[in-house]
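*Asks:* Sharing a structure with you now.
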Amino acid sequence: MAVRIGTAEPESTFKTQGEALKGLLDDVPGVGPVTVEESPAASIDNANRLHQGEINFGFMAANWIGRAREGDAPFRQPIDLRIAAPMNAGPLFFIVRADSLIRHVGDLRGKRVIVGPERSGMTQHAHSILPAIGIKFENFTPIYLDFAAGAEALKAGKADAQLQCPIPNKVMTALSDSTDIRVLPYEPQDLRKVLAAVPFYRPTVMRKGAFRGLTADVEQPAVVNLLMTHAREPDARVGALAAAIASGTKDLARRNALFDGMDRLFTPMREQGAAACEFGGVMLHSGAAAAYRKLGLLA
């Protein structure tokens, strides 16, 4: 029986990661063959589809996992999720046109800021990041547009800044190829405040040259994205998948640059145990935990 993995909309980062994952897993005994399925609302859809038994695994951003576990809006009931594997840490970053007078994220007060569709995960990130540095939503004008429409609005001068995630991402690449842009850095104390306030973020460095206009390394917060499953999923299947992923990080990075640095997400597990990759009160699946222990990755 094919294993079904929920991703996101066509050409999305989750969808492209899912296709790379399929390439790795198709021939793994106890896992493949793999079917990659689109989920238009990404993390939210995938949690609901796991609950309904429509998929075996699904991509989710860490900020949605605790909500799904508790059944908080937009979820209608608690979902018994488990973590199968970390996928990547995607930088969350604000961009402006190169000629903008805005220099730091802390300068966004009073500006027109594209934060994503109103009920999206991106807008939730804006609600996490900006208040952590003292900027409330009433302190600026939020603009609720998706990545592509937001990029066009920024390009046309109809907005002052846009929140983007992750890299590489096709919208960001296309925008930077056609428009001179900059990534806003944080004041050091502001970045520390964000990372201290939001437990599902990790520090990362966006490297110079990742796209046109990124002319220096810049530190940013990153949201951890995970491959989730349901508590009912058999240990043998989850364990086989987890072992293949943990052993295949270089292969995955070769298939899709979004997996670059994936091995670093496993490293803290050796010292901190399962808690290093557990979010929102959701535990590692027992099959995944057993696989990671066997590989020497889990204390």
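In the structure tokens, chains take letters A, B, ... by order of appearance, with residues numbered from 1 within each chain and ligands from 1 in the order shown.
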Could you tell me, as a compact mmCIF listing (two decimals) with N, CA and C atoms, in the first residue's frame, which residues of region 20-171 of chain A DSSP assigns to strand (DSSP E) when given the backbone?

*Replies:*
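Dumped everything to selection-v3.txt:
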# COMPACT_ATOMS: atom_id res chain seq x y z
N VAL A 34 5.66 5.90 -2.51
CA VAL A 34 5.14 7.12 -1.89
C VAL A 34 4.29 7.89 -2.89
N THR A 35 3.17 8.40 -2.43
CA THR A 35 2.33 9.31 -3.20
C THR A 35 2.39 10.68 -2.54
N VAL A 36 2.74 11.71 -3.31
CA VAL A 36 2.78 13.08 -2.80
C VAL A 36 1.48 13.78 -3.17
N GLU A 37 0.78 14.31 -2.17
CA GLU A 37 -0.53 14.91 -2.39
C GLU A 37 -0.50 16.39 -2.02
N PHE A 57 1.45 10.83 6.40
CA PHE A 57 2.40 11.83 6.88
C PHE A 57 2.03 13.16 6.24
N GLY A 58 2.42 14.25 6.89
CA GLY A 58 2.13 15.56 6.33
C GLY A 58 3.12 16.60 6.82
N PHE A 59 3.47 17.52 5.94
CA PHE A 59 4.35 18.63 6.30
C PHE A 59 3.58 19.65 7.15
N MET A 60 4.20 20.10 8.23
CA MET A 60 3.60 21.15 9.06
C MET A 60 4.70 22.08 9.58
N ALA A 61 4.38 23.37 9.68
CA ALA A 61 5.25 24.31 10.36
C ALA A 61 5.01 24.17 11.86
N LEU A 81 -1.44 14.19 17.08
CA LEU A 81 -0.28 14.21 16.20
C LEU A 81 0.95 13.65 16.88
N ARG A 82 1.88 13.18 16.05
CA ARG A 82 3.21 12.81 16.49
C ARG A 82 4.22 13.32 15.46
N ILE A 83 5.45 13.56 15.91
CA ILE A 83 6.51 14.04 15.04
C ILE A 83 7.27 12.85 14.46
N ALA A 84 7.44 12.86 13.15
CA ALA A 84 8.22 11.81 12.49
C ALA A 84 9.65 12.24 12.26
N ALA A 85 9.85 13.48 11.75
CA ALA A 85 11.21 13.94 11.45
C ALA A 85 11.21 15.45 11.24
N PRO A 86 12.30 16.12 11.63
CA PRO A 86 12.47 17.53 11.24
C PRO A 86 12.80 17.60 9.75
N MET A 87 12.31 18.64 9.09
CA MET A 87 12.54 18.79 7.65
C MET A 87 13.52 19.92 7.34
N ASN A 88 13.28 21.09 7.88
CA ASN A 88 14.20 22.20 7.66
C ASN A 88 13.82 23.34 8.60
N ALA A 89 14.68 24.32 8.69
CA ALA A 89 14.39 25.55 9.42
C ALA A 89 14.39 26.68 8.39
N GLY A 90 13.21 27.22 8.13
CA GLY A 90 13.06 28.23 7.08
C GLY A 90 13.15 29.64 7.63
N PRO A 91 14.10 30.45 7.16
CA PRO A 91 14.22 31.82 7.67
C PRO A 91 12.99 32.64 7.35
N PHE A 93 11.90 36.48 7.00
CA PHE A 93 12.65 37.72 6.81
C PHE A 93 11.79 38.78 6.13
N PHE A 94 12.03 40.02 6.52
CA PHE A 94 11.34 41.16 5.91
C PHE A 94 12.23 41.74 4.82
N ILE A 95 11.61 42.04 3.68
CA ILE A 95 12.34 42.67 2.58
C ILE A 95 11.74 44.04 2.28
N VAL A 96 12.58 44.91 1.75
CA VAL A 96 12.16 46.24 1.29
C VAL A 96 12.84 46.51 -0.05
N ARG A 97 12.35 47.50 -0.76
CA ARG A 97 13.05 47.93 -1.98
C ARG A 97 14.39 48.54 -1.57
N ARG A 112 3.61 50.31 5.79
CA ARG A 112 2.68 49.37 5.16
C ARG A 112 3.42 48.05 4.96
N VAL A 113 3.00 47.03 5.71
CA VAL A 113 3.76 45.79 5.74
C VAL A 113 2.89 44.62 5.27
N ILE A 114 3.34 43.93 4.24
CA ILE A 114 2.64 42.75 3.74
C ILE A 114 2.99 41.57 4.65
N THR A 141 0.45 49.39 9.26
CA THR A 141 -0.68 49.01 8.41
C THR A 141 -0.42 47.62 7.83
N PRO A 142 -1.08 46.59 8.36
CA PRO A 142 -0.89 45.25 7.79
C PRO A 142 -1.61 45.12 6.45
N ILE A 143 -0.95 44.50 5.49
CA ILE A 143 -1.54 44.24 4.17
C ILE A 143 -1.59 42.73 4.00
N ALA A 161 7.15 47.07 2.93
CA ALA A 161 7.93 45.89 3.31
C ALA A 161 7.06 44.65 3.15
N GLN A 162 7.72 43.49 3.03
CA GLN A 162 7.00 42.22 2.93
C GLN A 162 7.70 41.18 3.79
N LEU A 163 6.90 40.37 4.49
CA LEU A 163 7.43 39.23 5.23
C LEU A 163 7.49 38.03 4.29
N GLN A 164 8.68 37.44 4.17
CA GLN A 164 8.89 36.31 3.25
C GLN A 164 9.43 35.10 4.01

*Asks:* Pick out the residues sitting within 10 Å of Ile135 (chain A), and hand them over as a PDB file with C-alpha atoms, in the first residue's frame; count only C-alpha atoms, and ignore anything fewer than 5 positions along from it in its own chain.

*Replies:*
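The resulting out.pdb:
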ATOM      1  CA  VAL A 105      12.954  45.391  11.370  1.00  0.00           C
ATOM      2  CA  GLY A 106      12.420  47.703  14.325  1.00  0.00           C
ATOM      3  CA  ASP A 107      11.797  50.579  11.871  1.00  0.00           C
ATOM      4  CA  LEU A 108       8.489  49.093  10.621  1.00  0.00           C
ATOM      5  CA  ARG A 109       6.308  51.216  12.899  1.00  0.00           C
ATOM      6  CA  GLY A 110       3.970  53.338  10.799  1.00  0.00           C
ATOM      7  CA  ALA A 126       4.023  38.419  12.062  1.00  0.00           C
ATOM      8  CA  HIS A 127       1.899  38.302  15.229  1.00  0.00           C
ATOM      9  CA  ILE A 129       7.729  38.428  15.675  1.00  0.00           C
ATOM     10  CA  LEU A 130       6.672  42.059  15.787  1.00  0.00           C
ATOM     11  CA  PHE A 140       1.625  49.719  11.368  1.00  0.00           C
TER      12      PHE A 140
END

*Asks:* Just give me the gap between CA of Gly261 (chain A) and CA of Ala151 (chain A) in Å, one decimal is fine.

*Replies:* 27.1 Å

*Asks:* Residues of region 216-254 of chain A that approach region 1-6 of chain A to 12 Å or less, counting only C-alpha atoms: could you list each one with the shortest pair of atoms and its distance in Å to one decimal, rows by chain and increasing residue number, as a Markdown table?

*Replies:*
| residue | atom | partner | partner_atom | distance |
| --- | --- | --- | --- | --- |
| A:Leu226 | CA | A:Gly6 | CA | 11.8 |
| A:Leu227 | CA | A:Ile5 | CA | 8.9 |
| A:Met228 | CA | A:Ile5 | CA | 9.4 |
| A:Thr229 | CA | A:Ile5 | CA | 9.3 |
| A:Glu233 | CA | A:Val3 | CA | 10.9 |
| A:Pro234 | CA | A:Val3 | CA | 11.9 |
| A:Arg237 | CA | A:Val3 | CA | 9.1 |
| A:Val238 | CA | A:Val3 | CA | 10.4 |
| A:Ala240 | CA | A:Val3 | CA | 11.9 |
| A:Leu241 | CA | A:Val3 | CA | 10.1 |

*Asks:* Nearest to Ile245 (chain A): which of A:Ala291, A:Val205, A:Trp64, A:Val198 is it, counting only C-alpha atoms?

*Replies:* A:Ala291

*Asks:* Taking the chain letters and numbering used in this document, name the residues of region 110-274 of chain A that DSSP puts in alpha helix (DSSP H), as a PyMOL selection string.

*Replies:* chain A and resi 121-132+147-155+170-178+188-197+235-247+249-255+262-266+269-272

*Asks:* In Å, with one decimal, what is the gap from CA of Asp190 (chain A) to CA of His104 (chain A)?

*Replies:*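 These two atoms are separated by 9.8 Å.
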
*Asks:* Write out as a PDB file with C-alpha atoms, in the first residue's frame which residues come within 12 Å of Ala253 (chain A) when counting only C-alpha atoms, dropping same-chain ones fewer than 5 positions away.

*Replies:*
ATOM      1  CA  THR A  16       8.927  20.464  -3.817  1.00  0.00           C
ATOM      2  CA  GLN A  17      10.278  18.991  -0.579  1.00  0.00           C
ATOM      3  CA  ALA A  20      12.400  15.112  -3.126  1.00  0.00           C
ATOM      4  CA  LEU A  21      11.315  12.980  -0.189  1.00  0.00           C
ATOM      5  CA  GLY A  23      12.621  10.176  -4.555  1.00  0.00           C
ATOM      6  CA  LEU A  24      14.445   9.081  -1.408  1.00  0.00           C
ATOM      7  CA  MET A  87      12.542  18.787   7.652  1.00  0.00           C
ATOM      8  CA  ASN A  88      14.197  22.200   7.661  1.00  0.00           C
ATOM      9  CA  ILE A 245      15.460  10.390   6.330  1.00  0.00           C
ATOM     10  CA  ALA A 246      18.116  10.634   9.056  1.00  0.00           C
ATOM     11  CA  SER A 247      20.524   8.540   6.979  1.00  0.00           C
ATOM     12  CA  GLY A 248      19.716  10.377   3.756  1.00  0.00           C
ATOM     13  CA  LEU A 258      15.642  23.456   1.106  1.00  0.00           C
ATOM     14  CA  PHE A 259      17.093  20.428   2.901  1.00  0.00           C
ATOM     15  CA  ASP A 260      20.561  22.024   3.208  1.00  0.00           C
ATOM     16  CA  GLY A 261      21.647  21.914   6.846  1.00  0.00           C
ATOM     17  CA  MET A 262      19.025  19.317   7.742  1.00  0.00           C
ATOM     18  CA  ASP A 263      21.592  17.238   9.622  1.00  0.00           C
TER      19      ASP A 263
END

*Asks:* Mind pulling up the distance from CA of Ile181 (chain A) to CA of Thr215 (chain A)?

*Replies:*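 Here the two named atoms are 10.2 Å from each other.
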
*Asks:* For each of A:Leu252, A:Leu298, A:Leu92, A:Ala196, take the minimum atom-to-atom distance to Ala132 (chain A), counting only C-alpha atoms, then give the residue where this is smallest.

*Replies:*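 Comparing A:Leu252, A:Leu298, A:Leu92, A:Ala196 against Ala132 (chain A), the winner is A:Ala196.
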
*Asks:* Which is closest to Gly53 (chain A) among A:Leu265, A:Ala242, A:Ala231, A:Ala276, if we use only C-alpha atoms?

*Replies:*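 The shortest atom-to-atom distance to Gly53 (chain A) comes from A:Ala231.
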
*Asks:* Kindly indicate which residue among A:Ala236, A:Leu214, A:Ala42, A:Ile79 lies nearest to Thr13 (chain A), using only C-alpha atoms for the distances.

*Replies:*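 Answer, going by the shortest atom-to-atom distance: A:Ala42.
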